[in-house]
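Colleague: Please find one structure pasted underneath; my questions will follow.
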Amino acid sequence: MFAQVMFTQLRWTRMILLFTSVATFLTPVIAWWIGGTRVLNPESPRAVMSGFDTGGPMLVLIGILAAFLLAVYPWTMDAAARHTLPLSLPITWRRYVAMRFAAGALLLLLPALTLWFGALLVVAQLELPPTLRAYPGMLALRFLAALMLAYSMTFALQYLAGRRSAAVALGLLVGGVLLSAGLAIIGDGGVTGMLFDWLVEFPGPLAVFASDWKLIDV
Amino acid sequence: MTDAIRIRGLAWKAGRDFAIQDMNLTVPRGAIYGFLGPNGAGKTSTIRLLLGMAKPYAGSIEVLGHTVPRDAHKALARIGYVPERLHLYPTLTVAESIRFRRAFYAGFDMAEAERLRRHFGLREHQLVSRLSKGESGKLMMLLALAQRPELLVLDEPTDGLDPVLRRELLASLVEYVHTHGATVFISSHLVHEQERICDWIGVMDRGRLIAELPMQDFRSGIKRLRVMGAESGSTADAPFTVLSRERVSERMEAWAVRGWEPSMNEWFTRSAAEVREVLDLDLEESFVELLRGARGDGDGNEHGHGHNASRETL
Amino acid sequence: MFTRIDPRSPTPIYAQIADAVRVAVAAGELSAGEGLLSVRALAMKLRVNPATVVQAYQNLEREGIVEMRQGAGTFVAAVPKEARSRDRAAAARRLARQMLAEAARLGLSPTEVREALDRELPEPK
């Protein structure tokens with residue numbers, strides 16, 4: 001059963017996966033190239049380090065977009081017929097959703113893998129001084145974690161809120177903005193600042209997205 | 001497990017206007033049960049409730065011995081469903097669709113699926129999105145039959161298809177029933193098809209099941225009487241149900257009646273009226289008259305909408 | 001033999017099938033020992049419930065017109081000549097009854113009907 005769920009998942013998202021994997025593969029080299037325009041010696045490791053100031057956010061963006069599409073697109077394929085097909089299969093809905101989740105999550109390994117290859121390729125071209133070290137594996141793992149997080153959140157929202165998920169997401173966003181504005185008016189603006197910091201700084205749940213992404217570091 | 005489907009006291013609501021109330025429905029094992037009703041009567045909703053795709057507000061549903069929706073997935077393993085709308089993934093091919101379905105059903109007969117595929121003239125590598133309406137209808141029927149189900153639930157399976165195709169699909173359905181002794185539940189507004197093939201009839205209108213009987217009893221139970229010289233007064237004291245009255249000429253009226261027997265002629269002679277002729281109605285006419293009676297717009301003596309059918313009513 | 005059955009007719013389908021077989025046998029279209037279509041084949045052809053075909057065949061068997069052989073199918077029995085002509089007579093009377101009912105609806109008298117029949121029927125040679 002899972003094989004067939006995986007088969008359909010792959011069939012539906014193969015283009016998204018392809019583009020994402022190519023993009024992540026190229027990101028280290030693109031980051032290097034960008035960094036090379038900023039430093040004196042474009043061939044040096046410093047170019048890569050500088051480049052990842054842009055490369056990091058690029059990865060975050062690609063990751064969030066890919067995770068979103070991989071979570072939402074298969075849902076829309078089922079939703080086109082009001083989910084009658086999965087609902088009429090002799091499995092519980094919960095089991096079906098679990099299989100869809102697992103299929104999508106497994107496929108996320110691919111762009112993380114290609115990122116790792118791209119990073120390894122870049123590192124192979126460099127000569128690192130003893131003070132600096134490369135972390136291609138850590139980079140890829142961090143990217144995978146970010147992907148999983150974004151995928152899980154989007155998946156949960158989509159499958160819980162269904163057709164209204166866009167409205168719910170918008171509602172949450174507006175609600176959040178209103179809340180912080182309201183608190184600021186009361187004079188307690190520090191609360192939202194604290195909340196945001198907690199979320200985004202390690203070990204908060206969203207920490208994996210924020211702060212710096214590094215391929216080469218001390 | 002004597003009944004394939006047993007619904008008792010079902011209540012369900014969708015939106016403000018539409019509701020199913022206190023519905024009882026029974027499909028005996030091995031029956032070919034025709035589910036009739038005008039559009040909007042609640043047939044598709046009933047089917048969705050049957051299959052556990054919606055949760056009832058009250059009442060019990062038992063399909064093949066399993067409680068639905070709690071154990072719906074267990075019942076679904078033995079049910080072949082052919083819905084009205086497309087029940088296929090458009091980006092898969094015919095062969096891939098078959099392989100997808102097979103993975104979920106233990107008793108799926110791959111050889112039979114192949115045989116039907118060739119019999120229906122479907123090419124393996126044809127994309128579902130490129131299939132014509134008729135071809136996708138055939139594919140859905142193929143997938144349902146290849147599962148080797150004990151119960152087939154069909155919702156307008158031949159709607160919008162040309163007559164040749166309708167015959168093909170019905171013939172393959174009949175063949176399956178004969179070979180496997182399956183129970184069939186068909187919802188359709190194509191009354192003449194139902195008339196050929198069904199041995200039980202259930203009529204639904206506005207959220208209620210207004211009649212449920214063996215086909216023969218249904219048809220012989222409703223008749224048209226040509227009555228001469230009837231008064232325009234009330235018929236509430238008649239020993240039979242008057243579904244509708246229509247004036248045909250100055251002295252002649254056509255009455256649609258239910259539960260009438262020739263021995264009841266006495267009631268007419270008492271009011272100096274006379275039954276000139278008794279006509280049998282076919283299923284479509286019976287169905288129309290039954291609805292008129294149930295809705296109370298035939299000037300008959302039926303109650304209108306408070307009325308739910310039981311087996312003994314006709 | 002079977003072109004169609006009429007589901008709208010008040011006659012139940014199994015009776016229509018049985019009638020058709022009876023008439024075919026009486027008219028000599030089906031001879032003794034000939035096999036009828038299998039239940040499955042006939043049900044598929046007519047698109048009716050197989051149980052209906054079974055009922056028709058069983059009724060015919062009870063009347064002695066066919067015999068159902070396990071595993072082999074249903075075959076026309078050797079029907080005595082009197083039974084055949086009896087069936088023909090029954091069919092003729094059914095036809096006459098239908099015509100008379102229609103005549104009554106039109107308000108025709110028995111005399112008018114007989115006159116019309118005399119005029120329409122060919123002279124016996």
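Chain labels follow the order of the structure tokens: the first chain is A, the next B, and so on; residue numbering restarts at 1 in every chain, and ligands are counted from 1 in their shown order.
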Which chain C residues are at most 7 Å from chain B (counting only C-alpha atoms), as a list in words?
Modeller: Pro7, Arg8, Ser9, Pro10, Arg40, Ala43, Met44, Lys45, Arg47, Val48, Asn49 and Pro50 of chain C
Colleague: Using only C-alpha atoms, determine which residues of chain B fall within 8 Å of chain A; present them as a ChimeraX atom specification.
Modeller: /B:51,53,72-77,81,85-89,91,99-100,103-105
Colleague: Could you please take those selected residues and save C-alpha atoms as a PDB file, in the first residue's frame?
Modeller:
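The result, written out as part_15.pdb:
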ATOM      1  CA  LEU B  51     -19.689   4.285   3.217  1.00  0.00           C
ATOM      2  CA  MET B  53     -17.657   9.311   4.420  1.00  0.00           C
ATOM      3  CA  ALA B  72     -16.067   1.658   7.872  1.00  0.00           C
ATOM      4  CA  HIS B  73     -12.617   0.650   6.674  1.00  0.00           C
ATOM      5  CA  LYS B  74     -13.384  -2.984   7.438  1.00  0.00           C
ATOM      6  CA  ALA B  75     -16.623  -2.877   5.478  1.00  0.00           C
ATOM      7  CA  LEU B  76     -14.983  -0.998   2.620  1.00  0.00           C
ATOM      8  CA  ALA B  77     -12.596  -3.903   2.057  1.00  0.00           C
ATOM      9  CA  TYR B  81     -17.933   1.630  -5.043  1.00  0.00           C
ATOM     10  CA  ARG B  85     -18.010  11.722 -10.056  1.00  0.00           C
ATOM     11  CA  LEU B  86     -14.592  10.716 -11.233  1.00  0.00           C
ATOM     12  CA  HIS B  87     -13.013   8.400  -8.717  1.00  0.00           C
ATOM     13  CA  LEU B  88      -9.599   8.163 -10.364  1.00  0.00           C
ATOM     14  CA  TYR B  89      -6.323  10.042 -10.324  1.00  0.00           C
ATOM     15  CA  THR B  91      -2.362  11.800 -13.947  1.00  0.00           C
ATOM     16  CA  ARG B  99      -2.022  -1.338  -9.832  1.00  0.00           C
ATOM     17  CA  PHE B 100      -2.827   1.402  -7.331  1.00  0.00           C
ATOM     18  CA  ALA B 103      -2.428  -2.667  -3.493  1.00  0.00           C
ATOM     19  CA  PHE B 104      -5.301  -1.956  -1.130  1.00  0.00           C
ATOM     20  CA  TYR B 105      -7.512  -4.988  -1.633  1.00  0.00           C
TER      21      TYR B 105
END
Colleague: With only C-alpha atoms as the counted atoms, please give the residues lying no more than 9 Å from Leu49 (chain B), apart from itself and same-chain residues fewer than 3 positions off, as a count of residues only.
Modeller: 12
Colleague: Could you name the residues that touch region 232-248 of chain B at 10 Å or less, counting only C-alpha atoms, but leaving out those on the same chain fewer than 4 positions away, as a PyMOL selection string?
Modeller: chain B and resi 222-228+252-261+264+267-268+286+288-304+314
Colleague: Just want the 8 Å neighbourhood of Pro136 (chain A), counted on only C-alpha atoms, with same-chain residues fewer than 6 positions away dropped. Output as a list in words.
Modeller: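 Non-adjacent residues within range: Trp116, Ala119, Leu120, Val123 and Leu215 of chain A.
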Colleague: Just the selected residues (C-alpha atoms), exported as a short mmCIF file (atom, residue, chain, number, x, y, z; two decimals), in the first residue's frame, please.
Modeller:
data_model
loop_
_atom_site.label_atom_id
_atom_site.label_comp_id
_atom_site.auth_asym_id
_atom_site.auth_seq_id
_atom_site.Cartn_x
_atom_site.Cartn_y
_atom_site.Cartn_z
CA TRP A 116 25.36 17.82 0.50
CA ALA A 119 28.66 21.51 -0.77
CA LEU A 120 31.20 18.66 -1.00
CA VAL A 123 34.80 22.24 -0.50
CA LEU A 215 29.47 25.89 5.19
#
Colleague: Could you find all residues in region 34-252 of chain B that DSSP calls strand (DSSP E or B) from the backbone, and write them as an mmCIF file with C-alpha atoms, in the first residue's frame?
Modeller:
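As a result, selection11.cif now contains:
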data_model
loop_
_atom_site.group_PDB
_atom_site.id
_atom_site.type_symbol
_atom_site.label_atom_id
_atom_site.label_comp_id
_atom_site.auth_asym_id
_atom_site.auth_seq_id
_atom_site.Cartn_x
_atom_site.Cartn_y
_atom_site.Cartn_z
ATOM 1 C CA GLY B 34 -32.708 0.024 -6.808
ATOM 2 C CA PHE B 35 -32.575 3.339 -5.039
ATOM 3 C CA LEU B 36 -34.878 5.825 -6.716
ATOM 4 C CA ALA B 58 -28.338 9.916 15.038
ATOM 5 C CA GLY B 59 -29.259 6.374 14.143
ATOM 6 C CA SER B 60 -27.303 3.262 13.257
ATOM 7 C CA ILE B 61 -25.786 2.039 10.039
ATOM 8 C CA GLU B 62 -24.621 -1.528 9.582
ATOM 9 C CA VAL B 63 -22.980 -2.628 6.364
ATOM 10 C CA HIS B 66 -19.857 -3.773 10.416
ATOM 11 C CA THR B 67 -20.855 -0.605 12.225
ATOM 12 C CA VAL B 68 -20.318 2.427 10.073
ATOM 13 C CA ILE B 79 -17.408 -3.035 -1.009
ATOM 14 C CA GLY B 80 -16.962 -1.986 -4.613
ATOM 15 C CA TYR B 81 -17.933 1.630 -5.043
ATOM 16 C CA VAL B 82 -18.682 3.323 -8.343
ATOM 17 C CA THR B 93 -2.511 5.662 -16.699
ATOM 18 C CA LEU B 127 -3.817 8.632 -19.247
ATOM 19 C CA LEU B 151 -21.485 -5.526 -2.052
ATOM 20 C CA LEU B 152 -21.496 -3.170 -5.004
ATOM 21 C CA VAL B 153 -22.613 0.388 -4.408
ATOM 22 C CA LEU B 154 -23.279 2.311 -7.599
ATOM 23 C CA ASP B 155 -24.270 5.949 -7.768
ATOM 24 C CA THR B 183 -25.515 -7.714 -3.374
ATOM 25 C CA VAL B 184 -26.005 -4.593 -5.449
ATOM 26 C CA PHE B 185 -27.197 -1.184 -4.382
ATOM 27 C CA ILE B 186 -27.853 1.081 -7.382
ATOM 28 C CA SER B 187 -28.916 4.640 -7.122
ATOM 29 C CA TRP B 200 -36.076 -4.463 -4.649
ATOM 30 C CA ILE B 201 -36.997 -0.803 -4.808
ATOM 31 C CA GLY B 202 -36.487 1.984 -2.313
ATOM 32 C CA VAL B 203 -37.905 5.405 -3.067
ATOM 33 C CA MET B 204 -36.496 8.467 -1.405
ATOM 34 C CA ASP B 205 -37.913 11.959 -1.443
ATOM 35 C CA ARG B 208 -37.181 10.378 3.695
ATOM 36 C CA LEU B 209 -37.596 6.867 2.385
ATOM 37 C CA ILE B 210 -41.216 6.822 1.316
ATOM 38 C CA ALA B 211 -41.420 3.248 0.053
ATOM 39 C CA GLU B 212 -39.343 0.100 0.188
ATOM 40 C CA LEU B 213 -40.610 -3.133 -1.368
ATOM 41 C CA PRO B 214 -39.874 -5.995 -3.675
ATOM 42 C CA ILE B 222 -49.894 1.092 -7.435
ATOM 43 C CA LYS B 223 -52.612 1.292 -10.031
ATOM 44 C CA ARG B 224 -54.493 3.858 -12.038
ATOM 45 C CA LEU B 225 -58.270 3.765 -11.844
ATOM 46 C CA ARG B 226 -60.526 5.437 -14.325
ATOM 47 C CA VAL B 227 -63.425 6.567 -12.185
ATOM 48 C CA MET B 228 -66.712 7.828 -13.485
ATOM 49 C CA THR B 241 -54.549 5.407 -0.364
ATOM 50 C CA VAL B 242 -55.298 7.921 -3.059
ATOM 51 C CA LEU B 243 -52.077 9.329 -4.420
ATOM 52 C CA SER B 244 -53.547 11.701 -6.966
ATOM 53 C CA ARG B 245 -56.738 12.626 -8.782
ATOM 54 C CA GLU B 246 -56.968 14.163 -12.206
ATOM 55 C CA ARG B 247 -59.944 15.160 -14.237
ATOM 56 C CA MET B 252 -64.259 10.870 -15.816
#
Colleague: Could you pull out the helix (DSSP H, G or I) residues of chain C from DSSP and send them as a ChimeraX atom specification?
Modeller: /C:13-26,39-46,50-63,81-106,110-120
Colleague: Excluding Arg29 (chain B) and residues on its chain fewer than 3 positions from it, collect all residues at most 8 Å away from it, counting only C-alpha atoms, and give them as an MDAnalysis selection string.
Modeller: chainID B and resid 2:4 182:183
Colleague: Could you dump the residues just selected with C-alpha atoms as an mmCIF file, in the first residue's frame?
Modeller:
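New file result_2.cif:
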data_model
loop_
_atom_site.group_PDB
_atom_site.id
_atom_site.type_symbol
_atom_site.label_atom_id
_atom_site.label_comp_id
_atom_site.auth_asym_id
_atom_site.auth_seq_id
_atom_site.Cartn_x
_atom_site.Cartn_y
_atom_site.Cartn_z
ATOM 1 C CA THR B 2 -28.898 -11.559 7.019
ATOM 2 C CA ASP B 3 -28.834 -8.060 5.593
ATOM 3 C CA ALA B 4 -26.176 -6.445 3.515
ATOM 4 C CA ALA B 182 -23.085 -10.272 -4.737
ATOM 5 C CA THR B 183 -25.515 -7.714 -3.374
#
